[in-house]
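my_file19.csv, holding CSV, C-alpha atoms:
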```
chain,number,residue,atom,x,y,z
A,1,MET,CA,27.2,-57.4,60.4
A,2,ASP,CA,28.5,-57.6,56.9
A,3,ARG,CA,28.7,-54.6,54.6
A,4,ARG,CA,25.5,-55.4,52.6
A,5,LYS,CA,23.4,-55.8,55.8
A,6,PHE,CA,24.8,-52.6,57.2
A,7,LEU,CA,24.0,-50.6,54.1
A,8,LYS,CA,20.4,-52.0,54.0
A,9,ARG,CA,19.7,-51.2,57.6
A,10,SER,CA,21.2,-47.7,57.5
A,11,GLY,CA,19.2,-47.0,54.4
A,12,ALA,CA,16.0,-48.0,56.1
A,13,VAL,CA,16.8,-45.9,59.1
A,14,LEU,CA,17.6,-42.9,56.9
A,15,ALA,CA,14.4,-43.3,54.9
A,16,ALA,CA,12.3,-43.5,58.0
A,17,GLY,CA,13.9,-40.4,59.4
A,18,THR,CA,13.5,-38.4,56.1
A,19,SER,CA,9.8,-39.3,55.8
A,20,GLY,CA,9.2,-38.3,59.4
A,21,ALA,CA,10.9,-35.0,58.8
A,22,LEU,CA,9.0,-34.3,55.6
A,23,GLN,CA,5.7,-35.0,57.2
A,24,LEU,CA,6.3,-32.2,59.8
A,25,PRO,CA,5.7,-29.2,57.6
A,26,VAL,CA,2.8,-30.9,55.9
A,27,LEU,CA,1.1,-31.5,59.2
A,28,THR,CA,1.8,-28.1,60.7
A,29,SER,CA,1.1,-25.9,57.7
A,30,CYS,CA,-2.4,-24.6,58.0
A,31,GLY,CA,-3.4,-23.8,54.4
A,32,THR,CA,-6.5,-21.9,53.5
A,33,GLY,CA,-8.1,-24.9,51.8
A,34,SER,CA,-8.1,-24.1,48.1
A,35,SER,CA,-4.9,-23.6,46.2
A,36,ALA,CA,-4.6,-21.9,42.9
A,37,ALA,CA,-4.1,-25.2,41.1
A,38,ASP,CA,-7.6,-26.3,42.1
A,39,ARG,CA,-9.3,-23.3,40.7
A,40,LYS,CA,-9.4,-22.6,37.0
A,41,SER,CA,-7.3,-19.7,35.9
A,42,PRO,CA,-9.5,-16.9,34.5
A,43,LEU,CA,-6.8,-16.0,32.0
A,44,ALA,CA,-7.2,-19.0,29.6
A,45,GLY,CA,-8.8,-18.6,26.2
A,46,ARG,CA,-7.5,-15.1,25.5
A,47,LYS,CA,-4.5,-13.7,23.8
A,48,TRP,CA,-4.1,-10.0,24.2
A,49,GLY,CA,-2.6,-8.0,21.3
A,50,MET,CA,-2.2,-4.5,20.1
A,51,VAL,CA,-2.3,-2.8,16.7
A,52,ILE,CA,-0.7,0.6,16.4
A,53,ASP,CA,-1.7,2.5,13.2
A,54,LEU,CA,1.3,4.7,12.4
A,55,ASN,CA,-0.6,6.6,9.8
A,56,ARG,CA,-2.8,8.0,12.5
A,57,CYS,CA,-0.2,8.4,15.2
A,58,ASP,CA,0.7,12.1,15.5
A,59,PRO,CA,4.5,12.5,16.0
A,60,GLU,CA,4.0,15.4,18.4
A,61,CYS,CA,1.3,13.7,20.6
A,62,THR,CA,2.5,12.2,23.9
A,63,ALA,CA,-0.9,11.2,25.3
A,64,CYS,CA,-0.2,7.5,25.6
A,65,LEU,CA,3.2,8.1,27.3
A,66,GLU,CA,1.8,10.4,29.9
A,67,ALA,CA,-1.2,8.2,30.6
A,68,CYS,CA,1.1,5.2,31.1
A,69,ARG,CA,3.3,7.1,33.5
A,70,LYS,CA,0.4,8.2,35.5
A,71,GLU,CA,-1.4,4.8,35.6
A,72,ASN,CA,1.6,2.6,36.4
A,73,ASN,CA,3.7,5.0,38.5
A,74,VAL,CA,6.6,4.8,36.0
A,75,ALA,CA,9.6,6.6,37.4
A,76,PHE,CA,10.7,9.8,35.7
A,77,HIS,CA,13.8,11.5,37.1
A,78,ASN,CA,14.4,13.7,34.2
A,79,ASP,CA,17.7,12.0,33.6
A,80,LYS,CA,18.1,9.5,30.8
A,81,ARG,CA,20.3,7.3,32.9
A,82,TRP,CA,17.4,6.5,35.3
A,83,ASP,CA,14.3,7.2,33.4
A,84,ILE,CA,11.9,4.3,32.8
A,85,HIS,CA,9.7,4.1,29.8
A,86,TRP,CA,7.1,1.4,29.5
A,87,ILE,CA,6.1,3.0,26.2
A,88,ARG,CA,8.4,5.4,24.3
A,89,LYS,CA,8.4,7.0,20.9
A,90,ILE,CA,11.3,6.6,18.7
A,91,ARG,CA,12.0,8.3,15.4
A,92,VAL,CA,12.9,6.0,12.5
A,93,LYS,CA,14.3,7.3,9.2
A,94,ASN,CA,15.2,5.8,5.9
A,95,PRO,CA,18.4,7.5,4.7
A,96,ALA,CA,17.8,6.4,1.1
A,97,ASN,CA,14.6,8.4,0.8
A,98,SER,CA,13.0,10.9,3.0
A,99,TRP,CA,10.7,8.4,4.7
A,100,GLU,CA,10.4,9.2,8.4
A,101,LYS,CA,8.0,8.1,11.1
A,102,THR,CA,7.6,8.3,14.9
A,103,VAL,CA,7.0,4.8,16.3
A,104,PRO,CA,5.6,4.1,19.8
A,105,VAL,CA,7.6,1.2,21.1
A,106,LEU,CA,6.6,-0.9,24.1
A,107,CYS,CA,7.0,-4.4,25.4
A,108,ASN,CA,6.0,-6.6,22.5
A,109,HIS,CA,4.6,-9.4,24.6
A,110,CYS,CA,6.3,-12.0,22.5
A,111,GLU,CA,4.9,-15.5,22.1
A,112,ASN,CA,8.5,-16.7,22.6
A,113,PRO,CA,9.8,-14.1,25.0
A,114,PRO,CA,13.6,-14.1,25.3
A,115,CYS,CA,13.3,-12.3,28.7
A,116,VAL,CA,11.4,-15.3,30.1
A,117,GLN,CA,14.0,-17.7,28.9
A,118,VAL,CA,16.9,-16.0,30.5
A,119,CYS,CA,15.3,-15.1,33.8
A,120,PRO,CA,17.2,-17.2,36.4
A,121,VAL,CA,14.5,-17.0,39.0
A,122,GLN,CA,11.3,-17.2,36.8
A,123,ALA,CA,10.3,-13.7,37.9
A,124,THR,CA,9.4,-12.9,34.3
A,125,TYR,CA,6.8,-15.2,32.9
A,126,LYS,CA,4.2,-15.3,30.3
A,127,ARG,CA,0.6,-15.5,31.6
A,128,GLU,CA,-1.9,-17.7,30.0
A,129,ASP,CA,-3.4,-14.8,28.1
A,130,GLY,CA,0.0,-14.0,26.6
A,131,ILE,CA,0.9,-11.0,28.7
A,132,VAL,CA,4.6,-11.0,29.6
A,133,ILE,CA,4.8,-9.8,33.2
A,134,VAL,CA,7.4,-9.4,36.0
A,135,ASP,CA,6.8,-10.7,39.4
A,136,HIS,CA,8.7,-8.0,41.2
A,137,HIS,CA,8.6,-9.9,44.5
A,138,ARG,CA,10.8,-12.5,42.9
A,139,CYS,CA,13.0,-10.3,40.7
A,140,ILE,CA,16.6,-10.2,41.9
A,141,GLY,CA,17.6,-7.4,39.6
A,142,CYS,CA,20.2,-9.3,37.6
A,143,ARG,CA,19.2,-7.5,34.4
A,144,TYR,CA,19.5,-10.5,32.1
A,145,CYS,CA,16.1,-9.7,30.7
A,146,MET,CA,17.3,-6.2,29.7
A,147,VAL,CA,20.2,-7.8,27.7
A,148,ALA,CA,17.9,-10.4,26.2
A,149,CYS,CA,15.1,-8.1,25.0
A,150,PRO,CA,15.6,-7.3,21.3
A,151,TYR,CA,13.3,-4.3,21.7
A,152,ASN,CA,15.0,-2.6,24.6
A,153,ALA,CA,11.7,-2.6,26.4
A,154,ARG,CA,13.1,-3.5,29.8
A,155,TYR,CA,14.2,-0.9,32.2
A,156,PHE,CA,15.8,-1.1,35.6
A,157,ASN,CA,15.0,0.8,38.7
A,158,TYR,CA,18.3,2.3,39.6
A,159,LYS,CA,16.6,4.6,42.1
A,160,GLU,CA,13.5,4.7,44.2
A,161,ASN,CA,10.7,6.4,42.5
A,162,PRO,CA,9.7,9.5,44.4
A,163,GLU,CA,6.4,10.0,42.7
A,164,TRP,CA,3.3,7.9,43.4
A,165,PRO,CA,0.4,9.3,41.3
A,166,ASN,CA,-1.8,6.2,41.2
A,167,LYS,CA,-2.2,4.8,44.7
A,168,ASP,CA,-4.3,1.9,43.4
A,169,TYR,CA,-1.3,0.4,41.7
A,170,PRO,CA,2.0,-0.5,43.4
A,171,LYS,CA,5.3,1.2,42.7
A,172,ARG,CA,8.5,-0.8,42.0
A,173,SER,CA,11.2,-0.7,44.5
A,174,HIS,CA,14.8,0.1,43.8
A,175,GLY,CA,16.6,-2.9,42.2
A,176,VAL,CA,14.0,-4.6,40.1
A,177,ALA,CA,13.5,-4.7,36.3
A,178,GLU,CA,10.2,-3.7,34.8
A,179,SER,CA,8.4,-3.2,31.5
A,180,CYS,CA,5.0,-2.7,30.1
A,181,ASN,CA,2.5,-5.4,31.2
A,182,PHE,CA,-0.4,-4.3,29.0
A,183,CYS,CA,-1.9,-2.8,32.2
A,184,ALA,CA,-2.7,-6.3,33.3
A,185,HIS,CA,-4.5,-5.0,36.4
A,186,LEU,CA,-6.9,-3.1,34.2
A,187,VAL,CA,-7.3,-5.8,31.6
A,188,ASP,CA,-8.2,-8.3,34.3
A,189,GLN,CA,-11.0,-6.0,35.3
A,190,GLY,CA,-12.3,-5.9,31.7
A,191,LYS,CA,-10.9,-2.5,30.9
A,192,GLU,CA,-8.3,-1.6,28.4
A,193,PRO,CA,-4.7,-0.4,28.9
A,194,ALA,CA,-4.2,3.2,29.9
A,195,CYS,CA,-2.4,4.1,26.6
A,196,VAL,CA,-5.3,2.9,24.5
A,197,THR,CA,-7.8,4.9,26.5
A,198,ALA,CA,-5.7,8.0,26.3
A,199,CYS,CA,-5.1,7.6,22.6
A,200,ARG,CA,-8.8,7.3,22.1
A,201,LYS,CA,-9.6,10.3,24.3
A,202,SER,CA,-6.9,12.8,23.5
A,203,GLY,CA,-4.9,11.2,20.7
A,204,ASN,CA,-5.8,10.1,17.2
A,205,ARG,CA,-7.3,6.7,17.9
A,206,ALA,CA,-4.1,5.0,16.7
A,207,ILE,CA,-3.9,2.2,19.2
A,208,THR,CA,-6.3,-0.8,19.2
A,209,PHE,CA,-6.2,-3.4,21.9
A,210,GLY,CA,-8.0,-6.7,21.9
A,211,ASN,CA,-8.2,-10.5,21.9
A,212,LEU,CA,-6.2,-12.1,19.1
A,213,LYS,CA,-7.9,-15.4,19.6
A,214,ASP,CA,-11.3,-14.1,19.0
A,215,SER,CA,-11.7,-13.8,15.3
A,216,ASN,CA,-14.6,-11.3,15.6
A,217,SER,CA,-12.7,-8.8,17.7
A,218,GLU,CA,-11.8,-5.5,16.2
A,219,ILE,CA,-8.1,-6.2,16.4
A,220,SER,CA,-8.4,-9.6,14.6
A,221,ARG,CA,-10.4,-8.0,11.8
A,222,MET,CA,-7.9,-5.2,11.5
A,223,ILE,CA,-5.0,-7.6,11.1
A,224,ALA,CA,-6.9,-9.7,8.6
A,225,ARG,CA,-8.0,-6.6,6.6
A,226,ALA,CA,-4.8,-4.5,6.4
A,227,PRO,CA,-1.1,-5.4,6.1
A,228,THR,CA,0.6,-5.3,9.4
A,229,GLN,CA,4.2,-5.6,10.5
A,230,ARG,CA,5.9,-6.5,13.7
A,231,ILE,CA,9.3,-5.4,14.8
A,232,ARG,CA,12.1,-7.8,14.1
A,233,GLU,CA,9.9,-10.6,13.0
A,234,ASP,CA,13.0,-12.4,11.8
A,235,LEU,CA,14.0,-13.2,15.4
A,236,GLY,CA,11.1,-15.6,15.8
A,237,THR,CA,9.9,-14.0,19.0
A,238,GLU,CA,6.4,-13.7,17.6
A,239,PRO,CA,5.5,-10.3,19.0
A,240,LYS,CA,1.9,-9.4,19.7
A,241,VAL,CA,2.2,-5.7,19.0
A,242,TYR,CA,1.4,-5.1,15.3
A,243,TYR,CA,2.2,-1.9,13.4
A,244,MET,CA,0.3,-0.6,10.4
A,245,GLY,CA,2.2,1.7,8.0
A,246,LEU,CA,5.7,0.9,9.3
B,1,MET,CA,58.4,-10.1,96.3
B,2,ASP,CA,58.5,-13.6,95.0
B,3,ILE,CA,55.2,-14.2,93.1
B,4,THR,CA,55.2,-18.0,93.7
B,5,LYS,CA,55.5,-17.5,97.5
B,6,TRP,CA,52.7,-15.0,97.5
B,7,MET,CA,50.4,-17.3,95.5
B,8,LYS,CA,51.1,-20.1,97.9
B,9,ASP,CA,50.3,-18.0,100.9
B,10,ASN,CA,47.0,-16.7,99.4
B,11,GLN,CA,45.9,-19.9,97.7
B,12,THR,CA,42.4,-20.0,99.1
B,13,ARG,CA,41.7,-16.4,98.3
B,14,LEU,CA,43.0,-16.9,94.8
B,15,ILE,CA,40.7,-19.9,94.1
B,16,ALA,CA,37.7,-18.0,95.4
B,17,VAL,CA,38.4,-15.0,93.1
B,18,ILE,CA,38.8,-17.3,90.1
B,19,ALA,CA,35.6,-19.2,91.0
B,20,VAL,CA,33.6,-16.0,91.2
B,21,ILE,CA,34.9,-14.7,87.9
B,22,ILE,CA,33.9,-18.0,86.2
B,23,LEU,CA,30.6,-18.4,88.0
B,24,ALA,CA,29.3,-14.9,87.9
B,25,PRO,CA,28.3,-14.8,84.2
B,26,LEU,CA,26.7,-18.2,84.5
B,27,VAL,CA,24.7,-17.3,87.5
B,28,TYR,CA,23.7,-13.9,85.9
B,29,SER,CA,22.6,-15.5,82.7
B,30,SER,CA,20.6,-18.3,84.3
B,31,VAL,CA,18.8,-15.9,86.7
B,32,SER,CA,18.0,-13.5,83.9
B,33,TYR,CA,16.8,-16.4,81.8
B,34,LEU,CA,14.5,-17.6,84.5
B,35,VAL,CA,13.2,-14.1,85.1
B,36,ALA,CA,12.5,-13.8,81.3
B,37,VAL,CA,10.8,-17.1,81.2
B,38,ARG,CA,8.6,-16.2,84.1
B,39,ASN,CA,7.6,-12.8,82.8
B,40,GLY,CA,7.2,-13.9,79.2
B,41,PRO,CA,8.3,-11.9,76.1
B,42,ASP,CA,7.5,-8.2,75.8
B,43,LYS,CA,4.3,-8.2,73.9
B,44,PRO,CA,3.4,-5.3,71.7
B,45,PHE,CA,0.3,-3.4,72.2
B,46,LEU,CA,-1.7,-3.4,69.0
B,47,GLU,CA,-4.4,-1.1,67.8
B,48,LYS,CA,-7.9,-2.3,68.1
B,49,PRO,CA,-9.6,-2.7,64.7
B,50,ASP,CA,-11.9,0.0,63.4
B,51,ALA,CA,-15.5,0.2,64.8
B,52,LYS,CA,-17.0,-1.3,61.7
B,53,TYR,CA,-14.9,-4.5,62.3
B,54,GLN,CA,-17.0,-7.6,62.8
B,55,ASP,CA,-15.1,-10.6,61.5
B,56,CYS,CA,-11.6,-11.0,60.1
B,57,VAL,CA,-11.2,-12.9,56.9
B,58,ARG,CA,-9.9,-15.8,59.0
B,59,ASP,CA,-10.2,-16.3,62.8
B,60,THR,CA,-7.8,-14.5,65.1
B,61,ALA,CA,-5.7,-17.5,66.1
B,62,TYR,CA,-5.0,-18.4,62.5
B,63,MET,CA,-4.2,-14.8,61.6
B,64,ARG,CA,-1.8,-14.4,64.4
B,65,ILE,CA,0.4,-17.3,63.3
B,66,HIS,CA,-0.3,-17.6,59.6
B,67,HIS,CA,-1.2,-14.1,58.2
B,68,MET,CA,2.0,-14.1,56.2
B,69,ASP,CA,1.1,-17.5,54.6
B,70,LEU,CA,-2.3,-16.1,53.7
B,71,LEU,CA,-0.8,-13.0,52.1
B,72,LYS,CA,1.7,-15.1,50.2
B,73,GLU,CA,-1.0,-17.3,49.0
B,74,ILE,CA,-3.2,-14.5,47.7
B,75,ARG,CA,-0.2,-12.9,46.2
B,76,GLU,CA,0.7,-16.1,44.3
B,77,GLU,CA,-2.9,-16.5,43.1
B,78,PHE,CA,-3.2,-12.9,41.9
B,79,VAL,CA,0.3,-12.3,40.5
B,80,ARG,CA,0.9,-15.7,38.9
B,81,HIS,CA,-2.6,-17.0,38.1
B,82,GLY,CA,-4.6,-13.8,37.7
B,83,ILE,CA,-7.2,-14.7,40.3
B,84,ARG,CA,-8.3,-11.6,42.0
B,85,GLY,CA,-9.9,-12.8,45.2
B,86,GLU,CA,-11.9,-11.0,47.9
B,87,ILE,CA,-8.9,-10.6,50.1
B,88,ARG,CA,-6.3,-7.9,49.3
B,89,LEU,CA,-3.9,-5.8,51.3
B,90,ARG,CA,-6.5,-3.1,51.0
B,91,THR,CA,-9.0,-5.4,52.8
B,92,CYS,CA,-6.8,-5.3,55.9
B,93,ALA,CA,-6.8,-1.5,55.8
B,94,GLU,CA,-10.5,-1.4,56.1
B,95,CYS,CA,-10.4,-2.3,59.7
B,96,HIS,CA,-6.8,-2.0,60.7
B,97,THR,CA,-6.6,1.6,59.8
B,98,SER,CA,-3.1,2.2,60.8
B,99,ARG,CA,-0.2,0.2,59.5
B,100,GLU,CA,2.1,2.1,61.8
B,101,ARG,CA,0.2,0.9,64.9
B,102,PHE,CA,-0.9,-2.5,63.7
B,103,CYS,CA,1.6,-4.2,61.4
B,104,ASN,CA,4.7,-2.3,62.4
B,105,ARG,CA,4.3,-2.6,66.2
B,106,CYS,CA,4.6,-6.3,66.1
B,107,HIS,CA,7.2,-6.5,63.4
B,108,GLU,CA,9.4,-4.1,65.2
B,109,THR,CA,9.1,-6.1,68.4
B,110,VAL,CA,10.4,-9.3,66.6
B,111,ASN,CA,12.9,-7.2,64.6
B,112,LEU,CA,11.3,-7.9,61.2
B,113,ASN,CA,12.0,-5.5,58.4
B,114,LEU,CA,9.2,-5.8,55.8
B,115,ASP,CA,9.3,-3.9,52.5
B,116,CYS,CA,5.7,-4.4,51.4
B,117,PHE,CA,4.8,-0.8,51.8
B,118,GLY,CA,7.7,0.6,49.8
B,119,CYS,CA,5.6,-0.4,46.8
B,120,HIS,CA,2.1,-1.1,48.0
B,121,TYR,CA,0.0,1.7,49.3
B,122,TYR,CA,-1.7,1.3,52.7
B,123,PRO,CA,-4.3,3.9,53.0
B,124,GLU,CA,-4.0,5.7,56.3
B,125,PRO,CA,-6.9,7.9,56.9
B,126,GLU,CA,-6.3,11.4,58.2
B,127,ALA,CA,-8.6,10.7,61.2
B,128,ALA,CA,-6.5,7.8,62.5
B,129,VAL,CA,-3.4,9.8,62.3
B,130,GLN,CA,-5.0,12.7,64.2
B,131,GLN,CA,-6.3,10.4,66.8
B,132,ALA,CA,-2.9,9.0,67.4
B,133,LEU,CA,-1.4,12.4,67.7
B,134,GLN,CA,-3.9,13.4,70.3
B,135,GLY,CA,-3.3,10.2,72.2
B,136,GLY,CA,-6.9,9.2,72.2
B,137,GLU,CA,-6.2,5.6,71.2
B,138,GLU,CA,-7.7,2.4,72.3
B,139,TRP,CA,-5.3,-0.4,72.7
B,140,ILE,CA,-5.8,-4.1,72.7
B,141,ASP,CA,-3.4,-6.1,74.9
B,142,GLU,CA,-2.3,-9.1,72.8
B,143,SER,CA,-1.1,-11.0,75.8
B,144,SER,CA,-4.6,-11.2,77.3
```
Would you write out, as structure tokens, the structure that this file holds?
Amino acid sequence: MDRRKFLKRSGAVLAAGTSGALQLPVLTSCGTGSSAADRKSPLAGRKWGMVIDLNRCDPECTACLEACRKENNVAFHNDKRWDIHWIRKIRVKNPANSWEKTVPVLCNHCENPPCVQVCPVQATYKREDGIVIVDHHRCIGCRYCMVACPYNARYFNYKENPEWPNKDYPKRSHGVAESCNFCAHLVDQGKEPACVTACRKSGNRAITFGNLKDSNSEISRMIARAPTQRIREDLGTEPKVYYMGL
Amino acid sequence: MDITKWMKDNQTRLIAVIAVIILAPLVYSSVSYLVAVRNGPDKPFLEKPDAKYQDCVRDTAYMRIHHMDLLKEIREEFVRHGIRGEIRLRTCAECHTSRERFCNRCHETVNLNLDCFGCHYYPEPEAAVQQALQGGEEWIDESS
């Protein structure tokens, strides 16, 4: 047998072997019939966004922070090394004049999210409705996203969370990164995020949440009517959290 | 005493001892293997589903082998595609009231460490726990 013939034959044998081996899992796997790809995702056609009116936001009020903690089981160890904040309030000052404001900062749900780009395992991803979310099952805890996020919105679970106030929503285990997800579980049910509800109930109605794609929604009209800013627009991340009076 | 001379004198005995040393583990392992094959594996006793149970979301044969595939599939659909289906981890808890006596029994037998319930809540009603403590449980033998 010459070299050419030998290669041809061994190639054929190899191909036959491989196809046989590949068929095995296909034949044995017993799927439930319909895969996610067959069904239409219910998320399409929407783009969730948020407007925070800083003129209304009371610097002393912490209703949104507490509501978020309660709804999403966000860990609070009373130690700034380990505390996790999905939404936090920071004080910004202009040293040139006496301008000072307290700004609630949360994940900005960027259109071009840096955290999604750096995630080595695609645990962080942007849903079709624009919510940037972490699949904690897949997160390996590398913390690239924390480095990449220009808003410092990502936090890492250095410790197990001992509290579990909302049993309807899972906790996160030790060793995964997490951030605000616009209360995706509530939004999917047609409700609004916990911070928005809390702000309306016990705050000053500073936060508005809605569909940016719908030009008739309250949030779209607000953005069209009044000047709004987003944090670090120069980075090109296209955040979906808008601020009024920043 | 000259060791070579002693070995020569007791040659047969020496061979017999070495043969026993070599063969004993082989014989022991094959016998215990055969016994194990005959008896089958130790099957865990799982809790019967709750009284209101009628049908599982899939048939029992499928669930026994593929429940993890089903769970992974619904997880993928929900987490990645936002499709909230009928089946959830909570749905299991409606009939299989105790995770300790349903999920864990089997997983412990096959030495599987799952961390689902570190983050996901599995409601364990007080009644089931009380029943377990009093020993008034009904068991289903999975091997039957």
Chain A residues near chain B within 7 Å, closest pair each, using all atoms listed in the file, as a Markdown table:
```
| residue | atom | partner | partner_atom | distance |
| --- | --- | --- | --- | --- |
| A:Ala36 | CA | B:Glu77 | CA | 5.7 |
| A:Ser41 | CA | B:His81 | CA | 5.8 |
| A:Pro42 | CA | B:Ile83 | CA | 6.6 |
| A:Leu43 | CA | B:Gly82 | CA | 6.5 |
| A:Asp135 | CA | B:Val79 | CA | 6.8 |
| A:Lys167 | CA | B:Tyr121 | CA | 6.0 |
| A:Pro170 | CA | B:His120 | CA | 4.6 |
| A:Lys171 | CA | B:Cys119 | CA | 4.4 |
| A:Arg172 | CA | B:Cys119 | CA | 5.6 |
| A:Ser173 | CA | B:Cys119 | CA | 6.1 |
```
Mind checking which residues fall within 6 Å of segment 93-104 of chain B, counting all atoms listed in the file, ignoring those fewer than 2 positions away in the same chain, and posting them as an MDAnalysis selection string? chainID B and resid 46:47 49:50 53 90:91 106:108 124
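Of the listed residues A:Val196, A:Cys57, A:Ile219, A:Cys180, the one whose atoms come nearest to Thr124 of chain A is A:Cys180, with distances taken using only C-alpha atoms.
Pairwise distance (atom CA of Cys195 of chain A, atom CA of Ser98 of chain A) equals 29.0 Å.
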Near-Ala206 of chain A list (9 Å; only C-alpha atoms; drop same-chain fewer than 6 positions) as a short mmCIF file (atom, residue, chain, number, x, y, z; two decimals) with C-alpha atoms, in the frame of the given file:
```cif
data_model
loop_
_atom_site.label_atom_id
_atom_site.label_comp_id
_atom_site.auth_asym_id
_atom_site.auth_seq_id
_atom_site.Cartn_x
_atom_site.Cartn_y
_atom_site.Cartn_z
CA VAL A 51 -2.30 -2.80 16.70
CA ILE A 52 -0.70 0.60 16.40
CA ASP A 53 -1.70 2.50 13.20
CA LEU A 54 1.30 4.70 12.40
CA ASN A 55 -0.60 6.60 9.80
CA ARG A 56 -2.80 8.00 12.50
CA CYS A 57 -0.20 8.40 15.20
CA ASP A 58 0.70 12.10 15.50
CA VAL A 196 -5.30 2.90 24.50
CA CYS A 199 -5.10 7.60 22.60
CA ARG A 200 -8.80 7.30 22.10
#
```
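Among the candidates A:Thr197, A:Ser217, A:Asn211, A:Gln122, the residue lying nearest to Val134 of chain A is A:Gln122 (atoms considered: only C-alpha atoms).
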Take segment 180-185 of chain A, model all heavy atoms, and hand the result over as a CSV table (one decimal), keeping the file's coordinate frame.
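For reference, result_1.csv as written:
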```csv
chain,number,residue,atom,x,y,z
A,180,CYS,N,6.4,-2.8,30.3
A,180,CYS,CA,5.0,-2.7,30.1
A,180,CYS,C,4.4,-4.1,30.3
A,180,CYS,O,4.9,-5.1,30.0
A,180,CYS,CB,4.7,-2.3,28.6
A,180,CYS,SG,3.1,-2.7,28.0
A,181,ASN,N,3.2,-4.1,31.0
A,181,ASN,CA,2.5,-5.4,31.2
A,181,ASN,C,1.1,-5.3,30.6
A,181,ASN,O,0.2,-6.0,31.1
A,181,ASN,CB,2.5,-5.8,32.6
A,181,ASN,CG,1.9,-4.7,33.5
A,181,ASN,OD1,1.3,-3.8,33.0
A,181,ASN,ND2,2.0,-4.9,34.8
A,182,PHE,N,0.9,-4.5,29.6
A,182,PHE,CA,-0.4,-4.3,29.0
A,182,PHE,C,-1.5,-3.9,30.0
A,182,PHE,O,-2.6,-4.2,29.9
A,182,PHE,CB,-0.9,-5.5,28.3
A,182,PHE,CG,-0.5,-5.6,26.8
A,182,PHE,CD1,-0.7,-6.8,26.1
A,182,PHE,CD2,0.0,-4.5,26.1
A,182,PHE,CE1,-0.4,-6.9,24.7
A,182,PHE,CE2,0.4,-4.6,24.8
A,182,PHE,CZ,0.1,-5.8,24.1
A,183,CYS,N,-1.0,-3.2,31.1
A,183,CYS,CA,-1.9,-2.8,32.2
A,183,CYS,C,-2.7,-4.0,32.7
A,183,CYS,O,-4.0,-3.9,32.7
A,183,CYS,CB,-2.8,-1.6,31.8
A,183,CYS,SG,-2.0,-0.1,31.7
A,184,ALA,N,-2.0,-5.0,33.0
A,184,ALA,CA,-2.7,-6.3,33.3
A,184,ALA,C,-3.8,-6.1,34.4
A,184,ALA,O,-4.8,-6.8,34.4
A,184,ALA,CB,-1.7,-7.3,33.8
A,185,HIS,N,-3.5,-5.2,35.3
A,185,HIS,CA,-4.5,-5.0,36.4
A,185,HIS,C,-5.8,-4.4,35.8
A,185,HIS,O,-6.9,-4.7,36.3
A,185,HIS,CB,-4.0,-4.1,37.5
A,185,HIS,CG,-3.6,-2.7,37.0
A,185,HIS,ND1,-2.5,-2.5,36.2
A,185,HIS,CD2,-4.1,-1.5,37.3
A,185,HIS,CE1,-2.4,-1.2,35.9
A,185,HIS,NE2,-3.3,-0.6,36.6
```
